[in-house]
>>> print(open('final.cif').read())   # mmCIF, C-alpha atoms
data_structure
#
loop_
_atom_site.group_PDB
_atom_site.id
_atom_site.type_symbol
_atom_site.label_atom_id
_atom_site.label_comp_id
_atom_site.auth_asym_id
_atom_site.auth_seq_id
_atom_site.Cartn_x
_atom_site.Cartn_y
_atom_site.Cartn_z
ATOM 1 C CA GLU W 1454 12.759 10.800 -8.685
ATOM 2 C CA LEU W 1455 9.565 9.128 -7.559
ATOM 3 C CA HIS W 1456 7.508 12.300 -7.296
ATOM 4 C CA MET W 1457 8.506 13.514 -10.780
ATOM 5 C CA ASP W 1458 6.374 11.009 -12.707
ATOM 6 C CA PRO W 1459 3.461 13.146 -14.009
ATOM 7 C CA SER W 1460 1.263 10.185 -14.966
ATOM 8 C CA LEU W 1461 1.486 8.595 -11.517
ATOM 9 C CA LEU W 1462 0.937 11.915 -9.747
ATOM 10 C CA ALA W 1463 -2.155 12.639 -11.841
ATOM 11 C CA GLN W 1464 -3.662 9.300 -10.775
ATOM 12 C CA LEU W 1465 -2.679 9.736 -7.134
ATOM 13 C CA LYS W 1466 -4.437 13.087 -6.904
ATOM 14 C CA LEU W 1467 -7.688 11.263 -7.721
ATOM 15 C CA LEU W 1468 -7.010 8.426 -5.303
ATOM 16 C CA GLU W 1469 -8.590 8.102 -1.874
ATOM 17 C CA LEU W 1470 -7.842 5.201 0.460
ATOM 18 C CA ARG W 1471 -10.981 4.087 2.290
ATOM 19 C CA LEU W 1472 -9.328 3.208 5.574
ATOM 20 C CA LYS W 1473 -11.064 2.108 8.763
ATOM 21 C CA PRO W 1474 -9.804 3.928 11.843
ATOM 22 C CA SER W 1475 -10.389 2.466 15.283
ATOM 23 C CA ARG W 1476 -9.516 5.332 17.621
ATOM 24 C CA ALA W 1477 -11.175 8.690 18.131
ATOM 25 C CA SER W 1478 -9.222 11.818 17.203
ATOM 26 C CA SER W 1479 -9.719 15.556 17.109
ATOM 27 C CA MET W 1480 -7.956 15.726 13.727
ATOM 28 C CA LEU W 1481 -9.932 15.883 10.497
ATOM 29 C CA GLY W 1482 -9.530 12.966 8.160
ATOM 30 C CA ARG W 1483 -11.673 11.153 5.611
ATOM 31 C CA HIS W 1484 -13.098 8.293 7.634
ATOM 32 C CA GLU W 1485 -16.384 7.718 9.365
ATOM 33 C CA LEU W 1486 -17.088 8.636 12.995
ATOM 34 C CA ARG W 1487 -20.316 8.371 14.960
ATOM 35 C CA HIS W 1488 -21.064 12.030 15.677
ATOM 36 C CA ARG W 1489 -22.145 14.503 13.025
ATOM 37 C CA GLY W 1490 -20.251 17.267 11.260
ATOM 38 C CA ARG W 1491 -19.178 18.304 7.743
ATOM 39 C CA SER W 1492 -17.850 15.811 5.216
ATOM 40 C CA LEU W 1493 -18.883 14.077 2.006
ATOM 41 C CA GLU W 1494 -21.200 11.421 3.509
ATOM 42 C CA PHE W 1495 -24.844 12.519 3.980
ATOM 43 C CA ALA W 1496 -26.373 11.368 7.285
ATOM 44 C CA GLY W 1497 -29.637 13.298 7.788
ATOM 45 C CA TYR W 1498 -31.212 16.677 8.583
ATOM 46 C CA ARG W 1499 -31.595 18.998 11.568
ATOM 47 C CA GLU W 1500 -33.160 22.423 11.900
ATOM 48 C CA TYR W 1501 -31.023 25.469 11.145
ATOM 49 C CA ARG W 1502 -29.429 27.278 14.104
ATOM 50 C CA PRO W 1503 -27.792 30.737 13.986
ATOM 51 C CA GLY W 1504 -24.118 30.383 13.114
ATOM 52 C CA ASP W 1505 -24.567 27.252 10.988
ATOM 53 C CA ASP W 1506 -22.760 27.139 7.649
ATOM 54 C CA LEU W 1507 -25.253 28.276 5.004
ATOM 55 C CA ARG W 1508 -23.486 26.080 2.471
ATOM 56 C CA GLU W 1509 -25.074 23.109 4.235
ATOM 57 C CA LEU W 1510 -28.609 24.516 3.931
ATOM 58 C CA ASP W 1511 -30.904 22.360 1.793
ATOM 59 C CA TRP W 1512 -32.465 24.940 -0.522
ATOM 60 C CA LYS W 1513 -34.708 22.442 -2.293
ATOM 61 C CA LEU W 1514 -36.213 21.336 1.003
ATOM 62 C CA LEU W 1515 -36.666 24.992 1.957
ATOM 63 C CA GLY W 1516 -38.623 25.595 -1.247
ATOM 64 C CA ARG W 1517 -40.952 22.659 -0.529
ATOM 65 C CA THR W 1518 -41.495 23.132 3.215
ATOM 66 C CA GLN W 1519 -40.578 26.797 3.886
ATOM 67 C CA ARG W 1520 -38.444 25.482 6.781
ATOM 68 C CA HIS W 1521 -34.677 25.752 7.156
ATOM 69 C CA PHE W 1522 -32.862 22.434 7.471
ATOM 70 C CA ILE W 1523 -29.139 21.761 7.583
ATOM 71 C CA LYS W 1524 -27.692 18.647 5.957
ATOM 72 C CA GLN W 1525 -25.924 16.547 8.549
ATOM 73 C CA ARG W 1526 -22.904 14.578 7.463
ATOM 74 C CA ASP W 1527 -20.612 12.091 9.140
ATOM 75 C CA THR W 1528 -17.454 13.595 10.578
ATOM 76 C CA HIS W 1529 -14.273 11.713 9.771
ATOM 77 C CA ARG W 1530 -11.094 10.923 11.611
ATOM 78 C CA PRO W 1531 -7.656 9.811 10.465
ATOM 79 C CA ALA W 1532 -6.510 6.228 10.447
ATOM 80 C CA THR W 1533 -2.998 4.941 11.124
ATOM 81 C CA ALA W 1534 -1.153 2.946 8.468
ATOM 82 C CA LEU W 1535 2.186 1.150 8.389
ATOM 83 C CA ILE W 1536 4.101 0.583 5.142
ATOM 84 C CA LEU W 1537 6.936 -1.959 5.154
ATOM 85 C CA LEU W 1538 9.290 -2.286 2.173
ATOM 86 C CA ASP W 1539 11.461 -5.321 1.432
ATOM 87 C CA THR W 1540 14.840 -4.340 -0.066
ATOM 88 C CA SER W 1541 16.416 -7.802 -0.185
ATOM 89 C CA HIS W 1542 18.725 -8.665 -3.079
ATOM 90 C CA SER W 1543 16.042 -10.512 -5.037
ATOM 91 C CA MET W 1544 14.165 -7.211 -5.357
ATOM 92 C CA GLN W 1545 16.941 -5.902 -7.638
ATOM 93 C CA LEU W 1546 15.884 -8.139 -10.523
ATOM 94 C CA GLN W 1547 15.018 -6.481 -13.837
ATOM 95 C CA SER W 1548 14.754 -8.798 -16.831
ATOM 96 C CA PRO W 1549 14.753 -7.568 -20.466
ATOM 97 C CA ASP W 1550 10.935 -7.814 -20.530
ATOM 98 C CA ALA W 1551 10.468 -5.674 -17.408
ATOM 99 C CA GLU W 1552 9.714 -1.948 -17.431
ATOM 100 C CA PHE W 1553 11.865 -1.482 -14.342
ATOM 101 C CA SER W 1554 13.218 -3.486 -11.411
ATOM 102 C CA LYS W 1555 11.032 -5.058 -8.764
ATOM 103 C CA LEU W 1556 12.495 -2.648 -6.240
ATOM 104 C CA ARG W 1557 11.491 0.322 -8.395
ATOM 105 C CA ALA W 1558 7.935 -0.986 -8.653
ATOM 106 C CA ALA W 1559 7.885 -1.477 -4.877
ATOM 107 C CA GLN W 1560 9.126 2.089 -4.390
ATOM 108 C CA LEU W 1561 6.344 3.429 -6.611
ATOM 109 C CA LEU W 1562 3.732 1.456 -4.691
ATOM 110 C CA ALA W 1563 5.083 2.757 -1.384
ATOM 111 C CA PHE W 1564 5.234 6.312 -2.720
ATOM 112 C CA GLY W 1565 1.630 6.105 -3.877
ATOM 113 C CA LEU W 1566 0.512 4.999 -0.432
ATOM 114 C CA LEU W 1567 2.577 7.635 1.388
ATOM 115 C CA PHE W 1568 1.467 10.440 -0.945
ATOM 116 C CA THR W 1569 -2.222 9.568 -0.544
ATOM 117 C CA LEU W 1570 -2.076 9.028 3.216
ATOM 118 C CA GLN W 1571 -0.361 12.363 3.806
ATOM 119 C CA ARG W 1572 -2.689 14.201 1.430
ATOM 120 C CA GLN W 1573 -5.840 12.933 3.133
ATOM 121 C CA GLY W 1574 -4.542 13.561 6.646
ATOM 122 C CA ASP W 1575 -3.950 9.985 7.819
ATOM 123 C CA ARG W 1576 -1.042 9.134 10.080
ATOM 124 C CA PHE W 1577 1.548 6.768 8.639
ATOM 125 C CA GLY W 1578 4.726 4.967 9.554
ATOM 126 C CA PHE W 1579 7.257 3.774 6.990
ATOM 127 C CA GLN W 1580 10.162 1.413 7.427
ATOM 128 C CA LEU W 1581 12.446 -0.895 5.489
ATOM 129 C CA LEU W 1582 12.686 -4.541 6.525
ATOM 130 C CA ASP W 1583 16.013 -4.019 8.250
ATOM 131 C CA GLY W 1584 14.871 -4.425 11.849
ATOM 132 C CA THR W 1585 15.018 -0.666 12.526
ATOM 133 C CA PRO W 1586 12.250 0.546 14.870
ATOM 134 C CA VAL W 1587 9.243 2.152 13.197
ATOM 135 C CA PRO W 1588 8.895 5.874 13.996
ATOM 136 C CA PRO W 1589 5.606 7.027 15.582
ATOM 137 C CA PRO W 1590 2.930 7.525 12.923
ATOM 138 C CA ARG W 1591 2.632 11.104 11.695
ATOM 139 C CA SER W 1592 0.693 12.883 8.955
ATOM 140 C CA THR W 1593 2.973 15.914 8.546
ATOM 141 C CA ARG W 1594 4.829 16.934 5.399
ATOM 142 C CA ARG W 1595 8.052 16.622 7.370
ATOM 143 C CA ALA W 1596 7.275 12.967 8.118
ATOM 144 C CA PHE W 1597 6.380 12.442 4.457
ATOM 145 C CA PHE W 1598 9.668 13.858 3.169
ATOM 146 C CA HIS W 1599 11.639 11.936 5.797
ATOM 147 C CA ALA W 1600 9.976 8.709 4.618
ATOM 148 C CA LEU W 1601 10.670 9.731 1.027
ATOM 149 C CA GLU W 1602 14.396 10.076 1.762
ATOM 150 C CA ARG W 1603 14.552 6.522 3.044
ATOM 151 C CA LEU W 1604 12.372 5.297 0.191
ATOM 152 C CA GLU W 1605 14.472 6.825 -2.592
ATOM 153 C CA ASN W 1606 17.811 5.623 -1.227
ATOM 154 C CA PRO W 1607 17.221 2.110 0.113
ATOM 155 C CA ILE W 1608 20.172 -0.074 1.033
ATOM 156 C CA PRO W 1609 19.911 -3.673 -0.247
ATOM 157 C CA ASN W 1610 19.377 -5.926 2.729
ATOM 158 C CA GLU W 1611 20.764 -9.455 2.661
ATOM 159 C CA VAL W 1612 18.801 -10.602 5.723
ATOM 160 C CA PRO W 1613 15.433 -8.797 5.838
ATOM 161 C CA GLN W 1614 13.567 -8.799 9.131
ATOM 162 C CA LEU W 1615 10.472 -7.227 10.603
ATOM 163 C CA PRO W 1616 10.845 -4.430 13.153
ATOM 164 C CA ALA W 1617 9.532 -4.974 16.663
ATOM 165 C CA LEU W 1618 5.820 -4.116 16.642
ATOM 166 C CA ARG W 1619 3.039 -4.215 19.203
ATOM 167 C CA PRO W 1620 -0.243 -6.021 18.462
ATOM 168 C CA LEU W 1621 -2.990 -3.781 17.058
ATOM 169 C CA SER W 1622 -0.658 -0.787 16.930
ATOM 170 C CA PHE W 1623 -1.888 0.241 13.443
ATOM 171 C CA ASP W 1624 -5.234 0.247 11.706
ATOM 172 C CA HIS W 1625 -3.777 -0.835 8.359
ATOM 173 C CA VAL W 1626 -0.530 -2.571 7.416
ATOM 174 C CA TYR W 1627 0.911 -2.859 3.899
ATOM 175 C CA LEU W 1628 3.798 -5.251 3.210
ATOM 176 C CA ILE W 1629 5.547 -4.688 -0.134
ATOM 177 C CA SER W 1630 7.812 -7.607 -1.022
ATOM 178 C CA ASP W 1631 8.455 -10.391 -3.520
ATOM 179 C CA LEU W 1632 8.268 -12.897 -0.608
ATOM 180 C CA LEU W 1633 11.243 -14.805 -2.024
ATOM 181 C CA ARG W 1634 12.242 -16.103 1.368
ATOM 182 C CA PRO W 1635 11.939 -19.542 2.988
ATOM 183 C CA PRO W 1636 8.272 -20.339 3.713
ATOM 184 C CA ALA W 1637 8.844 -20.280 7.465
ATOM 185 C CA GLN W 1638 10.010 -16.663 7.221
ATOM 186 C CA TRP W 1639 7.338 -15.136 4.988
ATOM 187 C CA GLU W 1640 4.587 -17.064 6.776
ATOM 188 C CA SER W 1641 5.920 -15.669 10.053
ATOM 189 C CA TRP W 1642 5.947 -12.148 8.570
ATOM 190 C CA LEU W 1643 2.347 -12.317 7.409
ATOM 191 C CA SER W 1644 1.097 -13.976 10.582
ATOM 192 C CA THR W 1645 2.803 -11.325 12.710
ATOM 193 C CA LEU W 1646 1.512 -8.425 10.632
ATOM 194 C CA ARG W 1647 -2.050 -9.723 10.857
ATOM 195 C CA LEU W 1648 -1.751 -9.179 14.614
ATOM 196 C CA VAL W 1649 -0.119 -5.759 14.253
ATOM 197 C CA GLY W 1650 -2.802 -4.228 12.007
ATOM 198 C CA ARG W 1651 -6.539 -4.508 12.180
ATOM 199 C CA GLU W 1652 -6.338 -4.934 8.424
ATOM 200 C CA CYS W 1653 -3.254 -6.222 6.622
ATOM 201 C CA GLN W 1654 -2.550 -6.388 2.880
ATOM 202 C CA CYS W 1655 0.359 -7.875 0.959
ATOM 203 C CA LEU W 1656 1.575 -6.216 -2.240
ATOM 204 C CA ARG W 1657 3.748 -8.810 -3.970
ATOM 205 C CA VAL W 1658 6.100 -7.643 -6.729
ATOM 206 C CA LEU W 1659 7.233 -10.110 -9.412
ATOM 207 C CA ASP W 1660 9.339 -9.960 -12.572
ATOM 208 C CA PRO W 1661 7.909 -11.454 -15.792
ATOM 209 C CA LEU W 1662 10.975 -13.711 -15.978
ATOM 210 C CA GLU W 1663 9.893 -15.395 -12.738
ATOM 211 C CA LEU W 1664 6.558 -16.243 -14.335
ATOM 212 C CA GLY W 1665 8.220 -17.831 -17.358
ATOM 213 C CA GLU W 1666 7.539 -14.915 -19.717
ATOM 214 C CA GLY W 1667 10.082 -13.946 -22.373
ATOM 215 C CA GLU W 1668 13.175 -15.862 -23.414
ATOM 216 C CA ASN W 1669 14.774 -18.349 -21.071
ATOM 217 C CA PRO W 1670 17.987 -16.927 -19.578
ATOM 218 C CA ASP W 1671 21.406 -18.451 -20.204
ATOM 219 C CA TYR W 1672 22.443 -17.559 -16.661
ATOM 220 C CA LEU W 1673 20.536 -17.473 -13.431
ATOM 221 C CA GLN W 1674 21.528 -14.123 -11.993
ATOM 222 C CA HIS W 1675 20.001 -11.721 -9.480
ATOM 223 C CA LEU W 1676 17.086 -14.025 -8.728
ATOM 224 C CA GLU W 1677 18.533 -15.121 -5.409
ATOM 225 C CA SER W 1678 21.577 -12.882 -4.899
ATOM 226 C CA PRO W 1679 23.195 -10.457 -7.370
ATOM 227 C CA GLU W 1680 26.787 -11.472 -6.689
ATOM 228 C CA GLN W 1681 26.206 -15.027 -7.865
ATOM 229 C CA LYS W 1682 25.340 -16.456 -11.252
ATOM 230 C CA ARG W 1683 25.477 -19.869 -12.827
ATOM 231 C CA GLN W 1684 24.888 -21.180 -16.300
ATOM 232 C CA MET W 1685 21.401 -22.529 -16.827
ATOM 233 C CA GLN W 1686 20.501 -25.599 -18.801
ATOM 234 C CA SER W 1687 16.979 -25.978 -20.173
ATOM 235 C CA ALA W 1688 16.131 -28.598 -17.544
ATOM 236 C CA ASP W 1689 17.461 -26.327 -14.777
ATOM 237 C CA TRP W 1690 15.240 -23.454 -15.858
ATOM 238 C CA SER W 1691 12.167 -25.683 -16.175
ATOM 239 C CA ARG W 1692 12.808 -26.958 -12.658
ATOM 240 C CA TYR W 1693 13.192 -23.407 -11.371
ATOM 241 C CA LEU W 1694 9.879 -22.326 -12.907
ATOM 242 C CA GLU W 1695 8.120 -25.368 -11.441
ATOM 243 C CA ASN W 1696 9.488 -24.548 -8.002
ATOM 244 C CA PHE W 1697 8.548 -20.898 -8.364
ATOM 245 C CA GLU W 1698 4.977 -21.734 -9.391
ATOM 246 C CA SER W 1699 4.707 -24.082 -6.430
ATOM 247 C CA HIS W 1700 5.937 -21.294 -4.167
ATOM 248 C CA ARG W 1701 3.438 -18.871 -5.703
ATOM 249 C CA LYS W 1702 0.535 -21.261 -5.124
ATOM 250 C CA GLN W 1703 1.662 -21.710 -1.529
ATOM 251 C CA VAL W 1704 1.580 -17.936 -1.000
ATOM 252 C CA HIS W 1705 -1.906 -17.647 -2.521
ATOM 253 C CA GLN W 1706 -3.222 -20.547 -0.443
ATOM 254 C CA PHE W 1707 -1.781 -19.155 2.791
ATOM 255 C CA CYS W 1708 -3.285 -15.702 2.131
ATOM 256 C CA ARG W 1709 -6.703 -17.210 1.371
ATOM 257 C CA GLN W 1710 -6.625 -19.271 4.558
ATOM 258 C CA GLN W 1711 -5.636 -16.225 6.607
ATOM 259 C CA ASN W 1712 -8.191 -13.999 4.832
ATOM 260 C CA LEU W 1713 -5.331 -11.698 3.896
ATOM 261 C CA PRO W 1714 -5.709 -9.630 0.680
ATOM 262 C CA LEU W 1715 -2.895 -10.304 -1.789
ATOM 263 C CA HIS W 1716 -2.148 -8.048 -4.775
ATOM 264 C CA GLU W 1717 0.431 -9.081 -7.374
ATOM 265 C CA CYS W 1718 2.300 -6.493 -9.411
ATOM 266 C CA VAL W 1719 4.286 -7.840 -12.385
ATOM 267 C CA THR W 1720 6.931 -5.478 -13.757
ATOM 268 C CA ARG W 1721 6.037 -5.918 -17.437
ATOM 269 C CA LYS W 1722 6.304 -3.061 -19.926
ATOM 270 C CA SER W 1723 2.931 -1.841 -18.665
ATOM 271 C CA ALA W 1724 3.970 -1.995 -15.005
ATOM 272 C CA LEU W 1725 3.142 1.653 -14.276
ATOM 273 C CA ASN W 1726 -0.482 1.103 -15.324
ATOM 274 C CA GLU W 1727 -0.602 -2.007 -13.181
ATOM 275 C CA ILE W 1728 0.718 -0.058 -10.176
ATOM 276 C CA GLN W 1729 -1.962 2.577 -10.654
ATOM 277 C CA LYS W 1730 -4.702 -0.076 -10.831
ATOM 278 C CA ILE W 1731 -3.477 -1.755 -7.640
ATOM 279 C CA LEU W 1732 -3.434 1.553 -5.751
ATOM 280 C CA LEU W 1733 -6.967 2.287 -6.932
ATOM 281 C CA ARG W 1734 -8.148 -1.110 -5.626
ATOM 282 C CA LEU W 1735 -6.722 -0.701 -2.131
#
>>> encode(input="final.cif", output="structure tokens")
Amino acid sequence: ELHMDPSLLAQLKLLELRLKPSRASSMLGRHELRHRGRSLEFAGYREYRPGDDLRELDWKLLGRTQRHFIKQRDTHRPATALILLDTSHSMQLQSPDAEFSKLRAAQLLAFGLLFTLQRQGDRFGFQLLDGTPVPPPRSTRRAFFHALERLENPIPNEVPQLPALRPLSFDHVYLISDLLRPPAQWESWLSTLRLVGRECQCLRVLDPLELGEGENPDYLQHLESPEQKRQMQSADWSRYLENFESHRKQVHQFCRQQNLPLHECVTRKSALNEIQKILLRL
């Protein structure tokens, strides 16, 4: 199970997503707000008033000035985040040089985001790319375990599609996919999600075989659809790698033009370390 990996959990407990909320809330979170309260970010001083928390008293300043001052800190509020997971057939690929399938890596990335968001009190929505409506964002453990049920038992989707979403309905959007769709489709996905979230990031999952690592396969299988395979000649495989590299450059160029952060996760033998590094960079 996803939550049984001790190495990943140990890293996630140290992880904090620095999100940028846009709406006021009475809930406590870990993100900056304009008025003052208790948190980790120092903002200034004010004189002590009866009833103030003595833990916020600056004892060093008291020793120098003989006056009682309270440290003021920025209050925080929760952000809203949407996580979308692609479960199309191409995500099933696991070559001999991969630690696990692309879908498994995508699940671990999604789990890391969900675990951290729920732990730090941010509201999240999670959905597969099957056109199903996204539930209202929540930060409860019940919402977390409901998302986990869908995450651990995804149904391969032959025709992935975005759910219906309103513009600026989330602060942050994370798309987890290999983007192995026609350019018109993945460009439409990313363009739409840029309007849905105030900040949007793409987490692209790739197999080392798709990057030309390891031995060339005798059969092309699972790259496009798992029920089909055909024998590969050397020229066929070279042509496939050329087309894939062209597709990869197109994705990078589009993301640069749209100012959209792109993170690539390759499912090599060290894929778990790579997943942890990506989560720490978000």
>>> closest_residue(input="final.cif", among="W:Ile1728, W:Leu1535, W:Glu1552, W:Phe1697", to="Arg1651 in chain W", atoms="only C-alpha atoms")
W:Leu1535
>>> resolve_selection(input="final.cif", expression="the PyMOL selection byres ((chain W and resi 1707) around 12)", output="VMD selection string")
chain W and resid 1636 to 1637 1639 to 1644 1655 1700 to 1706 1708 to 1715
>>> write_last_selection(input="final.cif", atoms="C-alpha atoms", output="CSV table (one decimal), keeping the file's coordinate frame")
chain,number,residue,atom,x,y,z
W,1636,PRO,CA,8.3,-20.3,3.7
W,1637,ALA,CA,8.8,-20.3,7.5
W,1639,TRP,CA,7.3,-15.1,5.0
W,1640,GLU,CA,4.6,-17.1,6.8
W,1641,SER,CA,5.9,-15.7,10.1
W,1642,TRP,CA,5.9,-12.1,8.6
W,1643,LEU,CA,2.3,-12.3,7.4
W,1644,SER,CA,1.1,-14.0,10.6
W,1655,CYS,CA,0.4,-7.9,1.0
W,1700,HIS,CA,5.9,-21.3,-4.2
W,1701,ARG,CA,3.4,-18.9,-5.7
W,1702,LYS,CA,0.5,-21.3,-5.1
W,1703,GLN,CA,1.7,-21.7,-1.5
W,1704,VAL,CA,1.6,-17.9,-1.0
W,1705,HIS,CA,-1.9,-17.6,-2.5
W,1706,GLN,CA,-3.2,-20.5,-0.4
W,1708,CYS,CA,-3.3,-15.7,2.1
W,1709,ARG,CA,-6.7,-17.2,1.4
W,1710,GLN,CA,-6.6,-19.3,4.6
W,1711,GLN,CA,-5.6,-16.2,6.6
W,1712,ASN,CA,-8.2,-14.0,4.8
W,1713,LEU,CA,-5.3,-11.7,3.9
W,1714,PRO,CA,-5.7,-9.6,0.7
W,1715,LEU,CA,-2.9,-10.3,-1.8
>>> atom_distance(input="final.cif", atom1="CA of Ser1592 in chain W", atom2="CA of Leu1570 in chain W")
7.4 Å
>>> residues_around(input="final.cif", residues="Val1612 in chain W", least_positions_apart="2", cutoff="7 Å", atoms="only C-alpha atoms", output="list in words")
Ser1541, Asn1610 and Gln1614 of chain W
>>> closest_residue(input="final.cif", among="W:Glu1500, W:Glu1652, W:Thr1533, W:Glu1611", to="Leu1515 in chain W", atoms="all atoms listed in the file")
W:Glu1500
>>> axis_aligned_box(input="final.cif", around="range 1554-1571 of chain W", padding_each_side="5 Å", output="AutoDock Vina command-line options")
--center_x 5.5 --center_y 3.7 --center_z -3.8 --size_x 25.4 --size_y 27.4 --size_z 25.2
>>> closest_residue(input="final.cif", among="W:Leu1561, W:Phe1522, W:Leu1514, W:Leu1538", to="Gln1729 in chain W", atoms="only C-alpha atoms")
W:Leu1561
>>> closest_residue(input="final.cif", among="W:Thr1645, W:Thr1593, W:Thr1720, W:Ser1554", to="Val1626 in chain W", atoms="only C-alpha atoms")
W:Thr1645
>>> atom_distance(input="final.cif", atom1="CA of Leu1537 in chain W", atom2="CA of Tyr1627 in chain W")
6.2 Å
